[in-house]
Each structure stands twice: as structure tokens, then as C-alpha cells.
Amino acid sequence: MIIPVIDIEKTSIKLRELREERKIKISQLQTLFNMTNPQSIYNWENPDMKNLPRIDNLVILAKFYNVKIDELIVLRNENQKKEYLSERKIAYNITKEVFSFIKENTSPNVLNALELYYCISI
């Protein structure tokens, strides 16, 4: 059985591409997320940082870009083997609204990958 896994580097590139296609500035996202410093956004979009947004911020991005979660996340090819456990994040304080949006806007493979990456059960 192949377990779907997020390709963090390609997802970072995808996040940057989606923002640039929509001609959205980092400062606009900074305002959207009420951040005093935009460094987190730069990190999300930098494949070398291997850092994705928190799951609730992924939902905000999907809503803001008017896309499904699947359009934000890139899964690894099945033949790509890489240590993955060190890249996992623990998600805290996720609201029912976030879970509902994810369930309604995510394919089963991406849903499984999100659960694995964020150590949650949706």
C-alpha cells in the first residue's frame, strides 16, 4: 500500500505560483494573516525551508485563492523515497470549521497526506 505524502518542496513552489498568478503581494498575505513579520510566508514559499503553513492557514489560503486544498498541496510520486517523519508538524486547536472545510474540499489522497503531515485525524 502506498501512503500519500506531501511533497513539501513542490508544495512550497505551488504556493508561490498561486500567489504570483493572482498578483497578490506578500504584504497582502501578511495583512490577511495579521502577521507583524512576513517571514513565515516567505518560508512557506521557499522550498529550501521545508516549512508549510499551519493547517488552518492552508484553509485560509484556499478560501482566499478560491481553490480546493488539493490545488495547494502537491503529493510525492510513489517512487520518491525520503525520510518523512522529521518533516511532520503537530496541529493544535483546530476548529470544527477548519475540519469541515478540509473534508469538503480535499480528495482522499490529499486528506490522508494532510493527516500524516499534521498528525491529525479528520
# chains A, B, ... in the order shown; residues from 1 in each chain; ligands from 1

$ select_by_dssp --residues "chain A" --states "alpha helix (DSSP H)" --output "PyMOL selection string"
chain A and resi 8-21+26-32+39-44+55-65+96-104+108-118

$ residues_around --residues "Asp7 in chain A" --least-positions-apart "2" --cutoff "8 Å" --atoms "only C-alpha atoms" --output "ChimeraX atom specification"
/A:5,9-11,73-76

$ write_last_selection --atoms "N, CA, C and O atoms" --output "mmCIF file, in the first residue's frame"
data_model
loop_
_atom_site.group_PDB
_atom_site.id
_atom_site.type_symbol
_atom_site.label_atom_id
_atom_site.label_comp_id
_atom_site.auth_asym_id
_atom_site.auth_seq_id
_atom_site.Cartn_x
_atom_site.Cartn_y
_atom_site.Cartn_z
ATOM 1 N N VAL A 5 1.968 11.163 0.507
ATOM 2 C CA VAL A 5 2.833 12.031 1.299
ATOM 3 C C VAL A 5 2.965 13.369 0.574
ATOM 4 O O VAL A 5 3.112 13.414 -0.647
ATOM 5 N N GLU A 9 8.642 20.492 -0.884
ATOM 6 C CA GLU A 9 9.340 21.426 -1.767
ATOM 7 C C GLU A 9 8.440 21.879 -2.919
ATOM 8 O O GLU A 9 8.330 23.070 -3.210
ATOM 9 N N LYS A 10 7.763 20.923 -3.563
ATOM 10 C CA LYS A 10 6.884 21.281 -4.687
ATOM 11 C C LYS A 10 5.650 22.031 -4.217
ATOM 12 O O LYS A 10 5.134 22.892 -4.931
ATOM 13 N N THR A 11 5.178 21.719 -3.023
ATOM 14 C CA THR A 11 4.043 22.456 -2.479
ATOM 15 C C THR A 11 4.440 23.906 -2.214
ATOM 16 O O THR A 11 3.670 24.825 -2.500
ATOM 17 N N ILE A 73 -1.741 21.619 -2.422
ATOM 18 C CA ILE A 73 -0.856 20.537 -1.986
ATOM 19 C C ILE A 73 -0.402 19.705 -3.177
ATOM 20 O O ILE A 73 -1.203 19.317 -4.013
ATOM 21 N N VAL A 74 0.889 19.422 -3.225
ATOM 22 C CA VAL A 74 1.459 18.519 -4.233
ATOM 23 C C VAL A 74 1.915 17.261 -3.503
ATOM 24 O O VAL A 74 2.631 17.344 -2.505
ATOM 25 N N LEU A 75 1.472 16.118 -3.998
ATOM 26 C CA LEU A 75 1.874 14.852 -3.394
ATOM 27 C C LEU A 75 3.130 14.326 -4.071
ATOM 28 O O LEU A 75 3.381 14.594 -5.247
ATOM 29 N N ARG A 76 3.904 13.565 -3.314
ATOM 30 C CA ARG A 76 5.111 12.941 -3.862
ATOM 31 C C ARG A 76 4.733 11.809 -4.791
ATOM 32 O O ARG A 76 3.724 11.152 -4.605
#

$ closest_residue --among "A:Glu115, A:Ile24, A:Ile8, A:Thr31" --to "Pro53 in chain A" --atoms "only C-alpha atoms"
A:Ile8

$ closest_residue --among "A:Ser12, A:Thr95, A:Asp70, A:Phe64" --to "Glu45 in chain A" --atoms "only C-alpha atoms"
A:Ser12

$ residues_around --residues "Ile90 in chain A" --least-positions-apart "4" --cutoff "8 Å" --atoms "only C-alpha atoms" --output "list in words"
Tyr117, Tyr118, Cys119 and Ile120 of chain A

$ residues_around --residues "Lys63 in chain A" --least-positions-apart "3" --cutoff "12 Å" --atoms "only C-alpha atoms" --output "PyMOL selection string"
chain A and resi 32+56-60+66-69+71-72+98+101-102+105

$ write_last_selection --atoms "N, CA and C atoms" --output "mmCIF file, in the first residue's frame"
data_model
loop_
_atom_site.group_PDB
_atom_site.id
_atom_site.type_symbol
_atom_site.label_atom_id
_atom_site.label_comp_id
_atom_site.auth_asym_id
_atom_site.auth_seq_id
_atom_site.Cartn_x
_atom_site.Cartn_y
_atom_site.Cartn_z
ATOM 1 N N LEU A 32 -3.666 39.632 5.665
ATOM 2 C CA LEU A 32 -4.695 38.601 5.790
ATOM 3 C C LEU A 32 -4.479 37.757 7.038
ATOM 4 N N ASP A 56 -4.718 25.366 9.531
ATOM 5 C CA ASP A 56 -5.763 26.385 9.483
ATOM 6 C C ASP A 56 -5.394 27.501 8.506
ATOM 7 N N ASN A 57 -4.109 27.786 8.369
ATOM 8 C CA ASN A 57 -3.679 28.781 7.386
ATOM 9 C C ASN A 57 -3.814 28.257 5.957
ATOM 10 N N LEU A 58 -3.662 26.945 5.764
ATOM 11 C CA LEU A 58 -3.925 26.360 4.440
ATOM 12 C C LEU A 58 -5.384 26.580 4.047
ATOM 13 N N VAL A 59 -6.265 26.420 5.007
ATOM 14 C CA VAL A 59 -7.691 26.643 4.745
ATOM 15 C C VAL A 59 -7.937 28.103 4.381
ATOM 16 N N ILE A 60 -7.317 29.012 5.109
ATOM 17 C CA ILE A 60 -7.466 30.447 4.794
ATOM 18 C C ILE A 60 -6.950 30.731 3.390
ATOM 19 N N ASN A 66 -9.683 30.953 -3.548
ATOM 20 C CA ASN A 66 -10.863 30.320 -4.116
ATOM 21 C C ASN A 66 -10.510 29.018 -4.849
ATOM 22 N N VAL A 67 -9.766 28.160 -4.144
ATOM 23 C CA VAL A 67 -9.357 26.861 -4.691
ATOM 24 C C VAL A 67 -9.632 25.779 -3.650
ATOM 25 N N LYS A 68 -9.584 24.547 -4.078
ATOM 26 C CA LYS A 68 -9.667 23.428 -3.148
ATOM 27 C C LYS A 68 -8.288 23.208 -2.538
ATOM 28 N N ILE A 69 -8.264 22.574 -1.391
ATOM 29 C CA ILE A 69 -6.991 22.262 -0.727
ATOM 30 C C ILE A 69 -6.085 21.487 -1.688
ATOM 31 N N GLU A 71 -5.502 21.895 -4.663
ATOM 32 C CA GLU A 71 -4.762 22.775 -5.559
ATOM 33 C C GLU A 71 -3.587 23.451 -4.856
ATOM 34 N N LEU A 72 -3.540 23.362 -3.548
ATOM 35 C CA LEU A 72 -2.420 23.922 -2.785
ATOM 36 C C LEU A 72 -1.342 22.876 -2.521
ATOM 37 N N VAL A 98 -12.591 24.427 10.303
ATOM 38 C CA VAL A 98 -11.415 24.036 9.516
ATOM 39 C C VAL A 98 -11.548 22.586 9.078
ATOM 40 N N PHE A 101 -14.196 22.294 6.328
ATOM 41 C CA PHE A 101 -13.720 22.795 5.037
ATOM 42 C C PHE A 101 -12.777 21.787 4.386
ATOM 43 N N ILE A 102 -11.884 21.227 5.173
ATOM 44 C CA ILE A 102 -10.926 20.260 4.644
ATOM 45 C C ILE A 102 -11.662 19.029 4.102
ATOM 46 N N ASN A 105 -13.348 19.873 0.792
ATOM 47 C CA ASN A 105 -12.533 20.436 -0.290
ATOM 48 C C ASN A 105 -11.233 19.692 -0.524
#

$ closest_residue --among "A:Ala113, A:Ile26, A:Ile6, A:Ile94" --to "Asn51 in chain A" --atoms "only C-alpha atoms"
A:Ile6

$ closest_residue --among "A:Ser40, A:Ser107, A:Ser27, A:Ser100" --to "Ile122 in chain A" --atoms "only C-alpha atoms"
A:Ser100

$ closest_residue --among "A:Ile55, A:Asn77, A:Lys96, A:Gln39" --to "Leu116 in chain A" --atoms "only C-alpha atoms"
A:Ile55

$ residues_around --residues "Tyr65 in chain A" --least-positions-apart "3" --cutoff "9 Å" --atoms "only C-alpha atoms" --output "VMD selection string"
chain A and resid 18 to 19 22 60 to 62 68

$ write_last_selection --atoms "C-alpha atoms" --output "PDB file, in the first residue's frame"
ATOM      1  CA  LEU A  18      -0.633  30.549  -6.980  1.00  0.00           C
ATOM      2  CA  ARG A  19       0.114  33.833  -5.228  1.00  0.00           C
ATOM      3  CA  ARG A  22      -3.138  36.123  -8.771  1.00  0.00           C
ATOM      4  CA  ILE A  60      -7.466  30.447   4.794  1.00  0.00           C
ATOM      5  CA  LEU A  61      -5.259  30.363   1.682  1.00  0.00           C
ATOM      6  CA  ALA A  62      -7.649  28.001  -0.113  1.00  0.00           C
ATOM      7  CA  LYS A  68      -9.667  23.428  -3.148  1.00  0.00           C
TER       8      LYS A  68
END

$ atom_distance --atom1 "CA of Thr36 in chain A" --atom2 "CA of Glu97 in chain A"
25.1 Å

$ decode --residues "range 7-22 of chain A" --atoms "all heavy atoms" --output "compact mmCIF listing (two decimals), in the first residue's frame"
# COMPACT_ATOMS: atom_id res chain seq x y z
N ASP A 7 4.66 16.48 -0.93
CA ASP A 7 5.96 16.90 -1.43
C ASP A 7 6.12 18.36 -0.99
O ASP A 7 5.54 19.27 -1.59
CB ASP A 7 6.02 16.79 -2.95
CG ASP A 7 7.41 17.06 -3.50
OD1 ASP A 7 8.05 18.03 -3.03
OD2 ASP A 7 7.83 16.33 -4.41
N ILE A 8 6.84 18.56 0.09
CA ILE A 8 6.92 19.88 0.71
C ILE A 8 7.58 20.90 -0.22
O ILE A 8 7.11 22.03 -0.35
CB ILE A 8 7.66 19.79 2.06
CG1 ILE A 8 6.85 18.92 3.01
CG2 ILE A 8 7.87 21.19 2.67
CD1 ILE A 8 7.53 18.60 4.31
N GLU A 9 8.64 20.49 -0.88
CA GLU A 9 9.34 21.43 -1.77
C GLU A 9 8.44 21.88 -2.92
O GLU A 9 8.33 23.07 -3.21
CB GLU A 9 10.63 20.80 -2.32
CG GLU A 9 11.69 20.55 -1.26
CD GLU A 9 11.54 19.21 -0.54
OE1 GLU A 9 10.57 18.46 -0.78
OE2 GLU A 9 12.42 18.91 0.30
N LYS A 10 7.76 20.92 -3.56
CA LYS A 10 6.88 21.28 -4.69
C LYS A 10 5.65 22.03 -4.22
O LYS A 10 5.13 22.89 -4.93
CB LYS A 10 6.50 20.03 -5.47
CG LYS A 10 7.67 19.48 -6.28
CD LYS A 10 7.27 18.27 -7.09
CE LYS A 10 8.49 17.74 -7.85
NZ LYS A 10 8.19 16.49 -8.55
N THR A 11 5.18 21.72 -3.02
CA THR A 11 4.04 22.46 -2.48
C THR A 11 4.44 23.91 -2.21
O THR A 11 3.67 24.83 -2.50
CB THR A 11 3.52 21.78 -1.20
OG1 THR A 11 3.05 20.46 -1.53
CG2 THR A 11 2.38 22.58 -0.58
N SER A 12 5.63 24.13 -1.71
CA SER A 12 6.12 25.50 -1.49
C SER A 12 6.14 26.28 -2.79
O SER A 12 5.71 27.44 -2.84
CB SER A 12 7.52 25.48 -0.87
OG SER A 12 7.48 24.96 0.42
N ILE A 13 6.63 25.64 -3.83
CA ILE A 13 6.68 26.29 -5.15
C ILE A 13 5.27 26.58 -5.64
O ILE A 13 4.97 27.65 -6.17
CB ILE A 13 7.46 25.41 -6.15
CG1 ILE A 13 8.94 25.36 -5.74
CG2 ILE A 13 7.30 25.93 -7.57
CD1 ILE A 13 9.75 24.29 -6.44
N LYS A 14 4.36 25.63 -5.43
CA LYS A 14 2.97 25.79 -5.84
C LYS A 14 2.31 26.96 -5.11
O LYS A 14 1.59 27.76 -5.72
CB LYS A 14 2.20 24.50 -5.57
CG LYS A 14 0.76 24.52 -5.96
CD LYS A 14 0.63 24.48 -7.46
CE LYS A 14 -0.83 24.25 -7.83
NZ LYS A 14 -1.01 24.19 -9.25
N LEU A 15 2.59 27.10 -3.83
CA LEU A 15 2.04 28.22 -3.06
C LEU A 15 2.50 29.56 -3.63
O LEU A 15 1.72 30.50 -3.76
CB LEU A 15 2.41 28.11 -1.59
CG LEU A 15 1.78 26.95 -0.82
CD1 LEU A 15 2.36 26.87 0.60
CD2 LEU A 15 0.27 27.06 -0.78
N ARG A 16 3.79 29.63 -3.97
CA ARG A 16 4.32 30.87 -4.56
C ARG A 16 3.69 31.13 -5.93
O ARG A 16 3.29 32.25 -6.24
CB ARG A 16 5.85 30.80 -4.67
CG ARG A 16 6.45 32.12 -5.20
CD ARG A 16 7.95 32.07 -5.34
NE ARG A 16 8.31 31.09 -6.36
CZ ARG A 16 9.15 30.08 -6.18
NH1 ARG A 16 9.75 29.89 -5.03
NH2 ARG A 16 9.41 29.23 -7.15
N GLU A 17 3.57 30.08 -6.75
CA GLU A 17 3.00 30.25 -8.08
C GLU A 17 1.54 30.72 -8.02
O GLU A 17 1.15 31.61 -8.77
CB GLU A 17 3.08 28.93 -8.86
CG GLU A 17 4.47 28.55 -9.28
CD GLU A 17 4.57 27.15 -9.88
OE1 GLU A 17 3.59 26.37 -9.79
OE2 GLU A 17 5.63 26.85 -10.43
N LEU A 18 0.77 30.13 -7.12
CA LEU A 18 -0.63 30.55 -6.98
C LEU A 18 -0.73 32.02 -6.58
O LEU A 18 -1.56 32.76 -7.09
CB LEU A 18 -1.35 29.67 -5.95
CG LEU A 18 -1.71 28.27 -6.42
CD1 LEU A 18 -2.14 27.41 -5.24
CD2 LEU A 18 -2.81 28.32 -7.47
N ARG A 19 0.12 32.43 -5.65
CA ARG A 19 0.11 33.83 -5.23
C ARG A 19 0.50 34.75 -6.38
O ARG A 19 -0.16 35.75 -6.65
CB ARG A 19 1.06 34.05 -4.04
CG ARG A 19 1.10 35.51 -3.55
CD ARG A 19 2.07 35.72 -2.42
NE ARG A 19 3.42 35.32 -2.73
CZ ARG A 19 4.28 36.03 -3.50
NH1 ARG A 19 3.90 37.18 -4.02
NH2 ARG A 19 5.51 35.59 -3.71
N GLU A 20 1.56 34.38 -7.09
CA GLU A 20 2.04 35.22 -8.19
C GLU A 20 1.05 35.27 -9.36
O GLU A 20 0.87 36.33 -9.96
CB GLU A 20 3.41 34.73 -8.66
CG GLU A 20 4.50 35.01 -7.65
CD GLU A 20 5.86 34.42 -8.01
OE1 GLU A 20 5.93 33.56 -8.93
OE2 GLU A 20 6.85 34.79 -7.35
N GLU A 21 0.40 34.14 -9.66
CA GLU A 21 -0.61 34.12 -10.74
C GLU A 21 -1.74 35.09 -10.44
O GLU A 21 -2.31 35.68 -11.35
CB GLU A 21 -1.21 32.72 -10.87
CG GLU A 21 -0.31 31.71 -11.53
CD GLU A 21 -0.85 30.29 -11.42
OE1 GLU A 21 -2.00 30.09 -10.92
OE2 GLU A 21 -0.13 29.36 -11.82
N ARG A 22 -2.05 35.24 -9.18
CA ARG A 22 -3.14 36.12 -8.77
C ARG A 22 -2.66 37.55 -8.49
O ARG A 22 -3.44 38.39 -8.07
CB ARG A 22 -3.83 35.54 -7.53
CG ARG A 22 -4.65 34.32 -7.88
CD ARG A 22 -4.95 33.46 -6.69
NE ARG A 22 -5.85 32.37 -7.01
CZ ARG A 22 -5.52 31.29 -7.72
NH1 ARG A 22 -4.30 31.15 -8.20
NH2 ARG A 22 -6.41 30.36 -7.99
